[in-house]
Amino acid sequence: MIIKGRVIKLGDKIDTDAIIPAKHLRYTDPQYLAQHVFEPIDPEFYKKAKNAIIVAGKAFGMGSSREQAAIAIKAAGVKAIVAESFARIFYRNAINNGLPAIVCLEITKEVNDGDELAVNIETGEVIVNNAKTMKCKGISGIALEILKAGGLIEYLKKIALTRTSL
Amino acid sequence: MQTLTEKILSKAANRNVAPGDVIEVFVDIVAFHDLTGYHVIEVMDKAGKRVVHNVDNLVIAFDHLTPPPDVRSAEIQQFIRRFVKEVGVRNFHDVGYGILHQVLVEKYVLPGQVVVAADSHTTTSGALGAFAQGMGASDVAAVVMTGKTWVSVPQPFKILLKGRTRQWVTGKDVALEILKEFKADYFMGMSIEVFVEEPQFFPMDYRLTVANMGIEMNADTLMFVPDNVIADYIKSNRGLEVKLVKPDSNAKYVDEYTVELDKVDLLVAAPHSVDNVKSVRDVSNIDVDMVFIGSCTNGRLSDLEIAAKIMKGKKVKTRCIVIPASWNIFKKAMELGYIQTLVEAGCIVTYGTCGPCIGGHFGIAGPGEVVISTSNRNFVGRMGSPQAYIYLTGPSVAAATAVLGKIAEPGEVL
């Protein structure tokens with residue numbers, strides 16, 4: 001599966017309180033959450049997020065387990081996140097909500113805000129501005145199965161609850 | 001030749017596992033609180049049905065929206081109470097019992113177990129030698145429904161705590177020392193196994209704080225290798241004799257690091273990152289508006305004891321909010337006179353709520369305000385206004401700061 005989008009570049013250690021503050025966690029409605037995504041650092045983020053690919057540095061999504069962080073980013077229209085590393089809980093939340101998360105060690109050095117990316121989420125091949133090709137880490141195994149099902153809820157419905165093994 | 005990580009996960013997977021393997025494991029305890037719990041139940045409903053794989057393995061405690069600060073929070077709790085009744089959850093702790101992670105270690109978790117909860121600070125249970133991980137609502141819903149989850153076996157890293165801490169230096173300073181040395185992204189994909197050279201000099205409360213902060217180190221989990229301190233803690237709380245699961249003596253670690261406890265200073269994490277660690281001396285004299293002593297990180301009896309010793313007979317110059325992590329702790333602190341001392345000093349005391357740690361309620365920080373907090377995160381906006389400045393520290397510095405109105409060491413007060 002190849003995903004294309006325009007880059008919004010963020011820094012290292014983007015935490016979940018920056019993605020969606022705790023005061024919004026009493027709701028799970030994606031459209032509500034989308035309007036508040038990245039509120040503490042860029043309240044206008046949701047207006048430019050449609051069809052974007054977030055490129056970020058280390059430990060993206062560190063902090064809390066709030067699944068609304070992944071839901072808000074996806075609902076705002078972001079197609080995928082390519083980061084140098086992801087916090088473990090956020091990574092699972094992204095995949096579980098059908099938001100591709102690709103690990104790419106050198107990405108912030110090679111990519112700028114506004115670049116066009118084409119990301120092959122299985123092979124990990126990332127093409128920058130139709131010119132340069134980078135080899136990143138594709139998604140595989142159970143994470144890919146969940147992503148292909150459209151998220152963990154669909155995966156549970158289709159697979160896990162109808163057989164003995166997850 | 002297995003590390004504690006490999007030993008626990010091999011048992012939970014029913015086969016020998018190695019770091020890097022992606023495995024399916026049986027989960028011994030699954031838990032959630034109010035703020036994530038309604039989301040867990042929503043996911044179960046969307047996935048088809050409210051099936052609970054094993055109701056005795058499910059623990060629920062209300063702590064984030066406790067007591068409810070608004071109508072929506074009250075509705076969330078009502079929704080979960082109906083679920084509790086419908087599926088017959090026995091291990092349910094309503095408003096007024098305690099913070100989930102404290103409830104788990106007081107009543108449920110045992111060494112060698114796999115624990116999954118819908119909250120990042122689930123690593124706290126690692127203080128008892130359990131493999132404990134926080135997960136999102138969907139992952140937790142899957143565990144509630146199937147009793148299983150998938151885990152990527154982390155790379156084991158050994159930390160040895162050597163010697164004894166100096167006066168007023170506690171588990172929080174040790175956690176901050178590790179963050180100062182390694183920074184917040186070093187331990188990604190690793191499980192930290194902590195060995196204590198002189199177990200009796202690094203008590204359970206200190207260990208709970210360090211394990212709690214394991215998530216701030218971005219470790220997959222942080223576990224203390226079970227010893228007599230852990231066995232005694234479980235015996236005195238629950239009357240249980242436990243079997244101590246230990247790593248093999250020749251087990252292999254990716255690396256190891258020794259913390260010389262007597263060299264650990266009183267530390268703070270300055271705004272806006274938990275690894276922006278400084279000596280208290282380097283930030284002293286900064287005026288402070290609010291002091292918070294509490295949370296799943298530092299709301300335990302020894303934290304209150306330290307605060308009471310420092311505040312005894314004095315008056316606070318800041319707003320001071322104290323929140324023991326559970327009813328049990330509050331009651332003991334009351335019997336020992338700590339609560340009275342703290343109240344007489346001018347602190348507001350309640351119990352069993354996360355309160356201001358997540359910027360929820362019971363003491364939100366305003367724009368431009370400076371907060372000293374014994375909690376676990378100082379991200380921008382964490383405790384309220386994105387224009388607030390949060391310094392994280394242990395109980396002794398927090399208490400001394402409340403008395404002087406500026407960041408201070410206990411020696412400046414006593």
# chains A, B, ... in the order shown; residues from 1 in each chain; ligands from 1

call {"tool": "closest_atom_pairs", "arguments": {"of": "stretch 163-279 of chain B", "to": "stretch 70-88 of chain A", "cutoff": "8 Å", "atoms": "only C-alpha atoms", "output": "tab-separated table"}}
result
residue	atom	partner	partner_atom	distance
B:Met188	CA	A:Ala87	CA	7.2
B:Gly189	CA	A:Arg88	CA	7.7
B:Asn218	CA	A:Ala87	CA	6.7
B:Asp220	CA	A:Arg88	CA	7.1

call {"tool": "interface_residues", "arguments": {"of": "chain B", "to": "chain A", "cutoff": "6 Å", "atoms": "only C-alpha atoms", "output": "PyMOL selection string"}}
result
chain B and resi 47+119-120+135-136

call {"tool": "select_by_dssp", "arguments": {"residues": "stretch 93-247 of chain B", "states": "strand (DSSP E or B)", "output": "VMD selection string"}}
result
chain B and resid 93 98 114 to 117 131 to 134 148 to 152 155 to 162 190 to 196 221 to 224

call {"tool": "closest_residue", "arguments": {"among": "A:Ala52, A:Ile95, A:Pro30, A:Asp115", "to": "A:Glu145", "atoms": "only C-alpha atoms"}}
result
A:Ile95

call {"tool": "closest_residue", "arguments": {"among": "B:Ile310, B:Val103, B:Val55, B:Ala175", "to": "B:Lys85", "atoms": "only C-alpha atoms"}}
result
B:Val55

call {"tool": "select_by_dssp", "arguments": {"residues": "stretch 182-384 of chain B", "states": "alpha helix (DSSP H)", "output": "PyMOL selection string"}}
result
chain B and resi 182+204-212+228-238+280-283+295-298+301-311+327-335+338-345

call {"tool": "write_last_selection", "arguments": {"atoms": "C-alpha atoms", "output": "JSON list (two decimals), in the first residue's frame"}}
result
[["chain", "number", "residue", "atom", "x", "y", "z"],
["B", 182, "PHE", "CA", 20.41, 8.48, 29.68],
["B", 204, "MET", "CA", 9.17, -0.30, 48.61],
["B", 205, "ASP", "CA", 7.96, 3.32, 48.31],
["B", 206, "TYR", "CA", 11.22, 4.32, 46.57],
["B", 207, "ARG", "CA", 10.93, 1.35, 44.21],
["B", 208, "LEU", "CA", 7.34, 2.20, 43.31],
["B", 209, "THR", "CA", 8.44, 5.71, 42.35],
["B", 210, "VAL", "CA", 11.31, 4.45, 40.19],
["B", 211, "ALA", "CA", 9.12, 1.84, 38.46],
["B", 212, "ASN", "CA", 6.40, 4.47, 37.93],
["B", 228, "ASN", "CA", 12.71, -9.94, 50.57],
["B", 229, "VAL", "CA", 11.52, -6.33, 50.57],
["B", 230, "ILE", "CA", 8.95, -7.24, 47.91],
["B", 231, "ALA", "CA", 7.99, -10.47, 49.72],
["B", 232, "ASP", "CA", 7.56, -8.59, 53.03],
["B", 233, "TYR", "CA", 5.46, -5.87, 51.37],
["B", 234, "ILE", "CA", 3.03, -8.40, 49.94],
["B", 235, "LYS", "CA", 2.95, -10.38, 53.19],
["B", 236, "SER", "CA", 2.20, -7.35, 55.35],
["B", 237, "ASN", "CA", -0.50, -6.04, 52.97],
["B", 238, "ARG", "CA", -2.20, -9.28, 52.03],
["B", 280, "VAL", "CA", 18.18, 21.80, 43.27],
["B", 281, "ARG", "CA", 21.05, 24.19, 44.00],
["B", 282, "ASP", "CA", 21.06, 25.28, 40.34],
["B", 283, "VAL", "CA", 17.41, 26.36, 40.41],
["B", 295, "SER", "CA", 0.06, 11.17, 42.47],
["B", 296, "CYS", "CA", 0.84, 7.55, 41.60],
["B", 297, "THR", "CA", 4.49, 8.62, 41.63],
["B", 298, "ASN", "CA", 4.88, 10.13, 45.11],
["B", 301, "LEU", "CA", 3.26, 7.07, 53.25],
["B", 302, "SER", "CA", 6.99, 7.84, 53.25],
["B", 303, "ASP", "CA", 6.37, 10.86, 50.98],
["B", 304, "LEU", "CA", 3.84, 12.22, 53.48],
["B", 305, "GLU", "CA", 6.14, 11.40, 56.39],
["B", 306, "ILE", "CA", 8.96, 13.42, 54.79],
["B", 307, "ALA", "CA", 6.63, 16.33, 53.99],
["B", 308, "ALA", "CA", 5.26, 16.33, 57.56],
["B", 309, "LYS", "CA", 8.74, 16.26, 59.11],
["B", 310, "ILE", "CA", 9.76, 19.30, 57.07],
["B", 311, "MET", "CA", 6.53, 21.26, 57.53],
["B", 327, "TRP", "CA", -7.52, 5.51, 51.34],
["B", 328, "ASN", "CA", -5.16, 3.07, 53.07],
["B", 329, "ILE", "CA", -2.29, 5.53, 52.87],
["B", 330, "PHE", "CA", -4.49, 8.46, 53.93],
["B", 331, "LYS", "CA", -5.73, 6.49, 56.97],
["B", 332, "LYS", "CA", -2.23, 5.47, 58.07],
["B", 333, "ALA", "CA", -0.99, 9.04, 57.58],
["B", 334, "MET", "CA", -3.88, 10.24, 59.71],
["B", 335, "GLU", "CA", -3.11, 7.74, 62.49],
["B", 338, "TYR", "CA", 1.09, 13.47, 59.25],
["B", 339, "ILE", "CA", -2.25, 14.71, 57.91],
["B", 340, "GLN", "CA", -2.75, 16.95, 60.95],
["B", 341, "THR", "CA", 0.74, 18.41, 60.55],
["B", 342, "LEU", "CA", 0.21, 19.10, 56.85],
["B", 343, "VAL", "CA", -3.22, 20.66, 57.41],
["B", 344, "GLU", "CA", -1.91, 22.85, 60.25],
["B", 345, "ALA", "CA", 0.89, 23.99, 57.93]]

call {"tool": "atom_distance", "arguments": {"atom1": "atom CA of B:Val95", "atom2": "atom CA of B:Gly352"}}
result
7.7 Å

call {"tool": "atom_distance", "arguments": {"atom1": "atom CA of A:Val103", "atom2": "atom CA of A:Gln31"}}
result
27.0 Å

call {"tool": "atom_distance", "arguments": {"atom1": "atom CA of B:Leu104", "atom2": "atom CA of B:Val349"}}
result
22.6 Å

call {"tool": "residues_around", "arguments": {"residues": "A:Glu110", "least_positions_apart": "6", "cutoff": "10 Å", "atoms": "only C-alpha atoms", "output": "list in words"}}
result
Val128, Lys132 and Met134 of chain A

call {"tool": "residues_around", "arguments": {"residues": "A:Lys9", "least_positions_apart": "4", "cutoff": "9 Å", "atoms": "only C-alpha atoms", "output": "list in words"}}
result
Ile53, Ile54, Val55, Ala56, Gly57, Thr108, Val111, Asn112, Asp113 and Gly114 of chain A

call {"tool": "write_last_selection", "arguments": {"atoms": "all heavy atoms", "output": "compact mmCIF listing (two decimals), in the first residue's frame"}}
result
# COMPACT_ATOMS: atom_id res chain seq x y z
N ILE A 53 1.29 14.16 5.69
CA ILE A 53 2.07 13.10 6.35
C ILE A 53 2.94 13.79 7.38
O ILE A 53 3.69 14.73 7.05
CB ILE A 53 2.93 12.31 5.34
CG1 ILE A 53 2.02 11.50 4.39
CG2 ILE A 53 3.93 11.41 6.06
CD1 ILE A 53 2.77 10.72 3.32
N ILE A 54 2.81 13.39 8.63
CA ILE A 54 3.65 13.99 9.67
C ILE A 54 5.03 13.33 9.63
O ILE A 54 5.14 12.10 9.59
CB ILE A 54 3.02 13.81 11.07
CG1 ILE A 54 1.76 14.69 11.20
CG2 ILE A 54 4.02 14.16 12.18
CD1 ILE A 54 1.02 14.53 12.53
N VAL A 55 6.07 14.16 9.62
CA VAL A 55 7.45 13.66 9.75
C VAL A 55 7.99 14.20 11.06
O VAL A 55 7.85 15.39 11.35
CB VAL A 55 8.32 14.12 8.55
CG1 VAL A 55 9.80 13.92 8.84
CG2 VAL A 55 7.91 13.38 7.28
N ALA A 56 8.54 13.31 11.87
CA ALA A 56 8.98 13.75 13.20
C ALA A 56 10.25 13.02 13.61
O ALA A 56 10.67 12.05 12.96
CB ALA A 56 7.87 13.50 14.22
N GLY A 57 10.83 13.50 14.70
CA GLY A 57 12.09 12.94 15.20
C GLY A 57 11.87 11.77 16.13
O GLY A 57 11.06 10.89 15.87
N THR A 108 14.31 13.02 9.40
CA THR A 108 14.28 14.49 9.61
C THR A 108 15.46 15.19 8.93
O THR A 108 15.40 16.39 8.67
CB THR A 108 14.27 14.86 11.11
OG1 THR A 108 15.41 14.29 11.73
CG2 THR A 108 13.02 14.35 11.80
N VAL A 111 14.18 15.28 4.88
CA VAL A 111 12.86 15.75 4.46
C VAL A 111 12.55 17.11 5.09
O VAL A 111 12.88 17.33 6.25
CB VAL A 111 11.78 14.71 4.86
CG1 VAL A 111 10.39 15.26 4.62
CG2 VAL A 111 11.99 13.41 4.08
N ASN A 112 11.93 17.99 4.32
CA ASN A 112 11.57 19.32 4.83
C ASN A 112 10.05 19.53 4.80
O ASN A 112 9.34 18.83 4.08
CB ASN A 112 12.24 20.40 3.98
CG ASN A 112 13.74 20.34 4.08
OD1 ASN A 112 14.29 20.31 5.19
ND2 ASN A 112 14.41 20.25 2.95
N ASP A 113 9.63 20.51 5.57
CA ASP A 113 8.23 20.90 5.59
C ASP A 113 7.76 21.20 4.15
O ASP A 113 8.46 21.88 3.40
CB ASP A 113 8.10 22.19 6.45
CG ASP A 113 6.82 22.22 7.23
OD1 ASP A 113 6.42 21.17 7.77
OD2 ASP A 113 6.21 23.30 7.28
N GLY A 114 6.61 20.65 3.78
CA GLY A 114 6.06 20.95 2.46
C GLY A 114 6.49 19.97 1.36
O GLY A 114 5.92 20.00 0.27

call {"tool": "residues_around", "arguments": {"residues": "B:Asn250", "least_positions_apart": "3", "cutoff": "10 Å", "atoms": "only C-alpha atoms", "output": "list in words"}}
result
Met1, Gln2, Thr3, Pro247 and Tyr253 of chain B

call {"tool": "residues_around", "arguments": {"residues": "B:Gly346", "least_positions_apart": "6", "cutoff": "10 Å", "atoms": "only C-alpha atoms", "output": "NGL selection string"}}
result
:B and (311 or 314-321 or 340 or 402-403)

call {"tool": "closest_residue", "arguments": {"among": "B:Cys347, B:Ala127, B:Val89, B:Val370", "to": "B:Ile286", "atoms": "only C-alpha atoms"}}
result
B:Val370

call {"tool": "decode", "arguments": {"residues": "stretch 76-102 of chain A", "atoms": "C-alpha atoms", "output": "compact mmCIF listing (two decimals), in the first residue's frame"}}
result
# COMPACT_ATOMS: atom_id res chain seq x y z
CA ALA A 76 -7.76 15.59 11.26
CA GLY A 77 -6.89 13.98 7.92
CA VAL A 78 -3.26 12.95 8.46
CA LYS A 79 -2.50 9.93 6.24
CA ALA A 80 0.58 8.55 8.00
CA ILE A 81 3.37 9.39 10.44
CA VAL A 82 7.01 8.78 9.58
CA ALA A 83 9.26 9.23 12.61
CA GLU A 84 12.75 8.30 13.77
CA SER A 85 11.15 6.36 16.61
CA PHE A 86 7.75 5.99 18.24
CA ALA A 87 6.77 5.59 21.88
CA ARG A 88 5.54 2.02 22.26
CA ILE A 89 1.98 2.78 23.40
CA PHE A 90 1.39 5.45 20.76
CA TYR A 91 2.68 3.16 18.01
CA ARG A 92 0.15 0.49 18.96
CA ASN A 93 -2.65 3.06 19.26
CA ALA A 94 -1.87 4.39 15.77
CA ILE A 95 -1.89 0.94 14.19
CA ASN A 96 -5.01 -0.04 16.17
CA ASN A 97 -6.81 2.95 14.68
CA GLY A 98 -5.66 2.35 11.11
CA LEU A 99 -3.06 5.15 11.10
CA PRO A 100 0.20 3.91 9.51
CA ALA A 101 3.32 4.62 11.61
CA ILE A 102 6.65 4.07 9.84
